[in-house]
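J.: Starting off with a structure, shown below.
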Amino acid sequence: MSDERRIFNFSAGPATLPLPVLEEARRDGILLPGEGASVYEISHRSARFQSILDDTVATIRELLQLPDRYHVLFLAGGASLQFSMVAMNLLRDTNRTANYVLTGSWGKKARREAEREGKVDVVWDGASENYARVPTEDEWRASDDAAYVHVTSNETIEGVQFSEVPDAGAIPLVCDASSEFLSRPIDVDRYALIYAGAQKNLGPAGVTLVILRDDLTEGIPEGLPSMLDYRTWVKSGSLYNTPPVFAIYMTGLVARWIRDDVGGLEAMAKRNRAKAERLYEAIDASDGFYRGHAHPESRSKMNVTFRLQDADLESAFVADAAQRGLAGLKGHRSVGGIRASVYNAMEPAGVDELVAFMNEFRLARQPA
Ligand SMILES: *Cc1c(COP(=O)(O)O)cnc(C)c1O
């Protein structure tokens, strides 16, 4: 082993993972106790993998206090495949419209895929304000006959997040929660379907979590490819074909870390809130040297986005930070600026370091 140090990784995804989880995975990556083989090498049909899968589902159910009528499914294809699957399963052949609330880049992508399957109404679009906020309750309304309403609870690129569950009335609410899943308690009852790619907050890339309310399976059209029909995954318990075994295993370790080491979703939310607040305070106290992108009431607790005077100064900021072991701070290529992703596994100490760096950089560069 080299003595190279682990950086503080502020990347948006794949993202930082809890060190105790990585250590356990390293051990099981050689020999899973009692198996004589590693977690990479055991059959997905083995009793051991079944118990890993069952434990993972049970821990997630426990964290979310998930009612029985919801299924927990593990799929491949990323959150991006869910953009299509949601619309194939819930919109195709319905003669209804799907409602999309657009608060940023991922919602726009989801909408584009839905348009291939049926009629889409954009019921709110933050484009004219550069996706700097989420709508208030009275700014949009679901259409009466909508097949579903789709929202992105945290827009990873712009750094805007709903603080309350958007109100879709009686219409099924579908949520892309990729970049905030298990970062705070959620009122699951208000949702019909929640999906999340694992690589932001849950584990390594390769698996997508889908929480599906059972009654939604009734309206799925016949004739979808088996792999793209939610019923296939419900019936097979996520074992229709070879699942991403390692990613599911890691997701289970992360869920247990949240429950046992952090103390559950309330404690997780408290820790995340404190981290984000420290960064926003540093931005707000900078006399305009750092300028937050999101309106204060829509600020994300997961992705803190801000700008400096110009692109050159932003490049210097990213480079100097990297020198200090603060990595992955460059904003998404589509919007520029700086983005600090402070997901569940980002240690408060990493945020302390970043805040200290931000203050030093400002003092060195701010015109007197
Ligand atoms: C990263 C991300 C996606 C895309 O995830 P993939 O797993 O790469 O398809 C979708 N939605 C949100 C909110 C994301 O943050």
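Ligands are numbered from 1 in the order shown, chains are lettered A, B, ... in the order of the structure tokens, and residues start at 1 in each chain.
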Residues of chain A within 9 Å of ligand 1: nearest atom pair and distance (Å, one decimal) for each, counting only C-alpha atoms and all ligand atoms, sorted by chain and number, as CSV?
T.:
residue,atom,partner,partner_atom_place_in_ligand_line,distance
A:Ala12,CA,ligand 1,15 (O),7.6
A:Gly13,CA,ligand 1,1 (C),6.5
A:Pro14,CA,ligand 1,1 (C),8.4
A:Ala76,CA,ligand 1,7 (O),8.7
A:Gly77,CA,ligand 1,9 (O),6.6
A:Gly78,CA,ligand 1,7 (O),3.3
A:Ala79,CA,ligand 1,9 (O),3.9
A:Ser80,CA,ligand 1,9 (O),3.6
A:Leu81,CA,ligand 1,9 (O),6.4
A:Gln82,CA,ligand 1,9 (O),8.0
A:Phe83,CA,ligand 1,10 (C),8.2
A:Gly104,CA,ligand 1,13 (C),8.9
A:Ser105,CA,ligand 1,13 (C),8.3
A:Trp106,CA,ligand 1,11 (N),5.0
A:Gly107,CA,ligand 1,11 (N),7.4
A:Lys109,CA,ligand 1,10 (C),8.3
A:Ala110,CA,ligand 1,10 (C),8.1
A:Thr152,CA,ligand 1,13 (C),6.0
A:Ser153,CA,ligand 1,13 (C),7.5
A:Asn154,CA,ligand 1,13 (C),6.0
A:Glu155,CA,ligand 1,13 (C),5.3
A:Thr156,CA,ligand 1,15 (O),4.7
A:Ile157,CA,ligand 1,15 (O),7.3
A:Asp176,CA,ligand 1,13 (C),5.8
A:Ala177,CA,ligand 1,13 (C),6.0
A:Ser178,CA,ligand 1,13 (C),4.7
A:Ser179,CA,ligand 1,15 (O),4.6
A:Glu180,CA,ligand 1,13 (C),8.1
A:Tyr195,CA,ligand 1,11 (N),8.8
A:Ala196,CA,ligand 1,11 (N),7.3
A:Gly197,CA,ligand 1,7 (O),4.4
A:Ala198,CA,ligand 1,7 (O),7.1
A:Gln199,CA,ligand 1,7 (O),7.0
A:Lys200,CA,ligand 1,1 (C),6.9
A:Ala205,CA,ligand 1,7 (O),7.1
A:Gly206,CA,ligand 1,7 (O),7.6
A:Val207,CA,ligand 1,7 (O),7.9
A:Thr208,CA,ligand 1,7 (O),7.0
J.: Using only C-alpha atoms, which residues sit within 8 Å of A:Pro172 once same-chain residues fewer than 5 positions away are excluded, as a list in words?
T.: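 Listed by chain and then number, they are Ala147, Tyr148, Val149, Tyr191, Ala192 and Leu193 of chain A.
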J.: Point out the residue among A:Val174, A:Leu239, A:Ile194, A:Val21 with the least atom-to-atom distance to A:Arg45, counting only C-alpha atoms.
T.: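 Distance minimum relative to A:Arg45 lands on A:Leu239.
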J.: I want to know what sits within 12 Å of A:Ile171, based on only C-alpha atoms, with residues of the same chain fewer than 6 positions away left out; could you give that as a PyMOL selection string?
T.: chain A and resi 90+96-99+141-150+190-193+216
J.: With C-alpha atoms kept, could you save the residues just selected as a PDB file, in the first residue's frame?
T.:
ATOM      1  CA  LEU A  90     -47.176   4.813 -17.069  1.00  0.00           C
ATOM      2  CA  ARG A  96     -53.433  10.888 -21.053  1.00  0.00           C
ATOM      3  CA  THR A  97     -50.712  13.466 -20.665  1.00  0.00           C
ATOM      4  CA  ALA A  98     -47.719  13.354 -18.400  1.00  0.00           C
ATOM      5  CA  ASN A  99     -46.983  16.527 -16.420  1.00  0.00           C
ATOM      6  CA  ARG A 141     -51.100  22.613 -10.893  1.00  0.00           C
ATOM      7  CA  ALA A 142     -51.393  19.099 -12.231  1.00  0.00           C
ATOM      8  CA  SER A 143     -53.899  18.637 -15.056  1.00  0.00           C
ATOM      9  CA  ASP A 144     -56.955  16.680 -13.931  1.00  0.00           C
ATOM     10  CA  ASP A 145     -56.419  13.764 -16.291  1.00  0.00           C
ATOM     11  CA  ALA A 146     -52.631  13.531 -16.023  1.00  0.00           C
ATOM     12  CA  ALA A 147     -51.127  10.030 -16.063  1.00  0.00           C
ATOM     13  CA  TYR A 148     -48.520  11.257 -13.569  1.00  0.00           C
ATOM     14  CA  VAL A 149     -46.554  14.287 -12.458  1.00  0.00           C
ATOM     15  CA  HIS A 150     -42.764  14.059 -12.708  1.00  0.00           C
ATOM     16  CA  ARG A 190     -47.013  11.132  -1.132  1.00  0.00           C
ATOM     17  CA  TYR A 191     -45.204   9.386  -3.986  1.00  0.00           C
ATOM     18  CA  ALA A 192     -46.235   6.733  -6.475  1.00  0.00           C
ATOM     19  CA  LEU A 193     -42.719   6.054  -7.764  1.00  0.00           C
ATOM     20  CA  LEU A 216     -49.160   1.296 -10.546  1.00  0.00           C
TER      21      LEU A 216
END
J.: Pick from A:Ala25, A:Ala114, A:Leu32, A:Ile60: nearest to A:Arg259, with only C-alpha atoms counted?
T.: A:Ile60
J.: Please return as a ChimeraX atom specification: the residues of stretch 72-137 of chain A that backbone DSSP assigns to helix (DSSP H, G or I).
T.: /A:78-90,105-114,126-129,137
J.: Could you name the residues that touch stretch 344-361 of chain A at 6 Å or less, counting only C-alpha atoms, but leaving out those on the same chain fewer than 3 positions away, as a ChimeraX atom specification?
T.: /A:8,17-18,364
J.: Would you save the residues from that selection as a PDB file, in the first residue's frame, using C-alpha atoms?
T.:
ATOM      1  CA  PHE A   8     -11.927  15.140  -0.044  1.00  0.00           C
ATOM      2  CA  LEU A  17     -18.303   6.788  -0.255  1.00  0.00           C
ATOM      3  CA  PRO A  18     -17.988   6.198   3.493  1.00  0.00           C
ATOM      4  CA  ALA A 364      -5.759  36.477  -1.219  1.00  0.00           C
TER       5      ALA A 364
END
J.: Using only C-alpha atoms, which residues sit within 12 Å of A:Ser128 once same-chain residues fewer than 5 positions away are excluded, as a list in words?
T.: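 Contacts, in chain order: Leu102, Thr103, Gly104 and Arg133 of chain A.
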J.: Write a file of the just-selected residues containing N, CA, C and O atoms, as an mmCIF file, in the first residue's frame.
T.:
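So the final result, stored in part-v3.cif, reads:
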data_model
loop_
_atom_site.group_PDB
_atom_site.id
_atom_site.type_symbol
_atom_site.label_atom_id
_atom_site.label_comp_id
_atom_site.auth_asym_id
_atom_site.auth_seq_id
_atom_site.Cartn_x
_atom_site.Cartn_y
_atom_site.Cartn_z
ATOM 1 N N LEU A 102 -40.185 21.299 -14.487
ATOM 2 C CA LEU A 102 -38.772 21.384 -14.879
ATOM 3 C C LEU A 102 -38.025 22.380 -13.997
ATOM 4 O O LEU A 102 -38.239 23.594 -14.084
ATOM 5 N N THR A 103 -37.177 21.838 -13.154
ATOM 6 C CA THR A 103 -36.376 22.711 -12.276
ATOM 7 C C THR A 103 -34.891 22.630 -12.612
ATOM 8 O O THR A 103 -34.060 23.152 -11.864
ATOM 9 N N GLY A 104 -34.554 21.993 -13.720
ATOM 10 C CA GLY A 104 -33.147 21.923 -14.103
ATOM 11 C C GLY A 104 -32.887 20.911 -15.206
ATOM 12 O O GLY A 104 -33.803 20.386 -15.845
ATOM 13 N N ARG A 133 -34.415 28.301 -8.998
ATOM 14 C CA ARG A 133 -35.315 28.030 -7.874
ATOM 15 C C ARG A 133 -36.333 26.965 -8.263
ATOM 16 O O ARG A 133 -36.494 26.649 -9.451
#
J.: I'd like the interatomic distance between atom CA of A:Arg324 and atom CA of A:Pro296, to a tenth of an Å.
T.: 28.6 Å
J.: Go through A:Asp187, A:Glu113, A:Glu129, A:Asp93 and flag the residue nearest A:Gln65, using only C-alpha atoms for the distances.
T.: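 Counting only C-alpha atoms, the residue closest to A:Gln65 is A:Asp187.
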J.: Tell me, as a VMD selection string, which residues lie within 12 Å of A:Leu313, counting only C-alpha atoms; anything in the same chain fewer than 3 positions away does not count.
T.: chain A and resid 289 to 290 307 to 310 316 to 320 330 337 to 338 361 to 362 364 to 366
J.: Between A:Val165, A:Ala47, A:Val101, A:Leu73, which has the minimum distance to A:Ile248 (counting only C-alpha atoms)?
T.: A:Leu73
J.: For A:His44, which residue out of A:Thr232, A:Ser163, A:Asn130, A:Ser238 is the nearest one, using only C-alpha atoms?
T.: A:Ser238
J.: Distance atom CA of A:Gly118-atom CA of A:Asn89, one decimal place?
T.: 11.1 Å
J.: Could you check which of A:Pro204, A:Gly288, A:Gly29, A:Gly126 is closest to A:Ala247, using only C-alpha atoms?
T.: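 Smallest separation from A:Ala247 among the options: A:Pro204.
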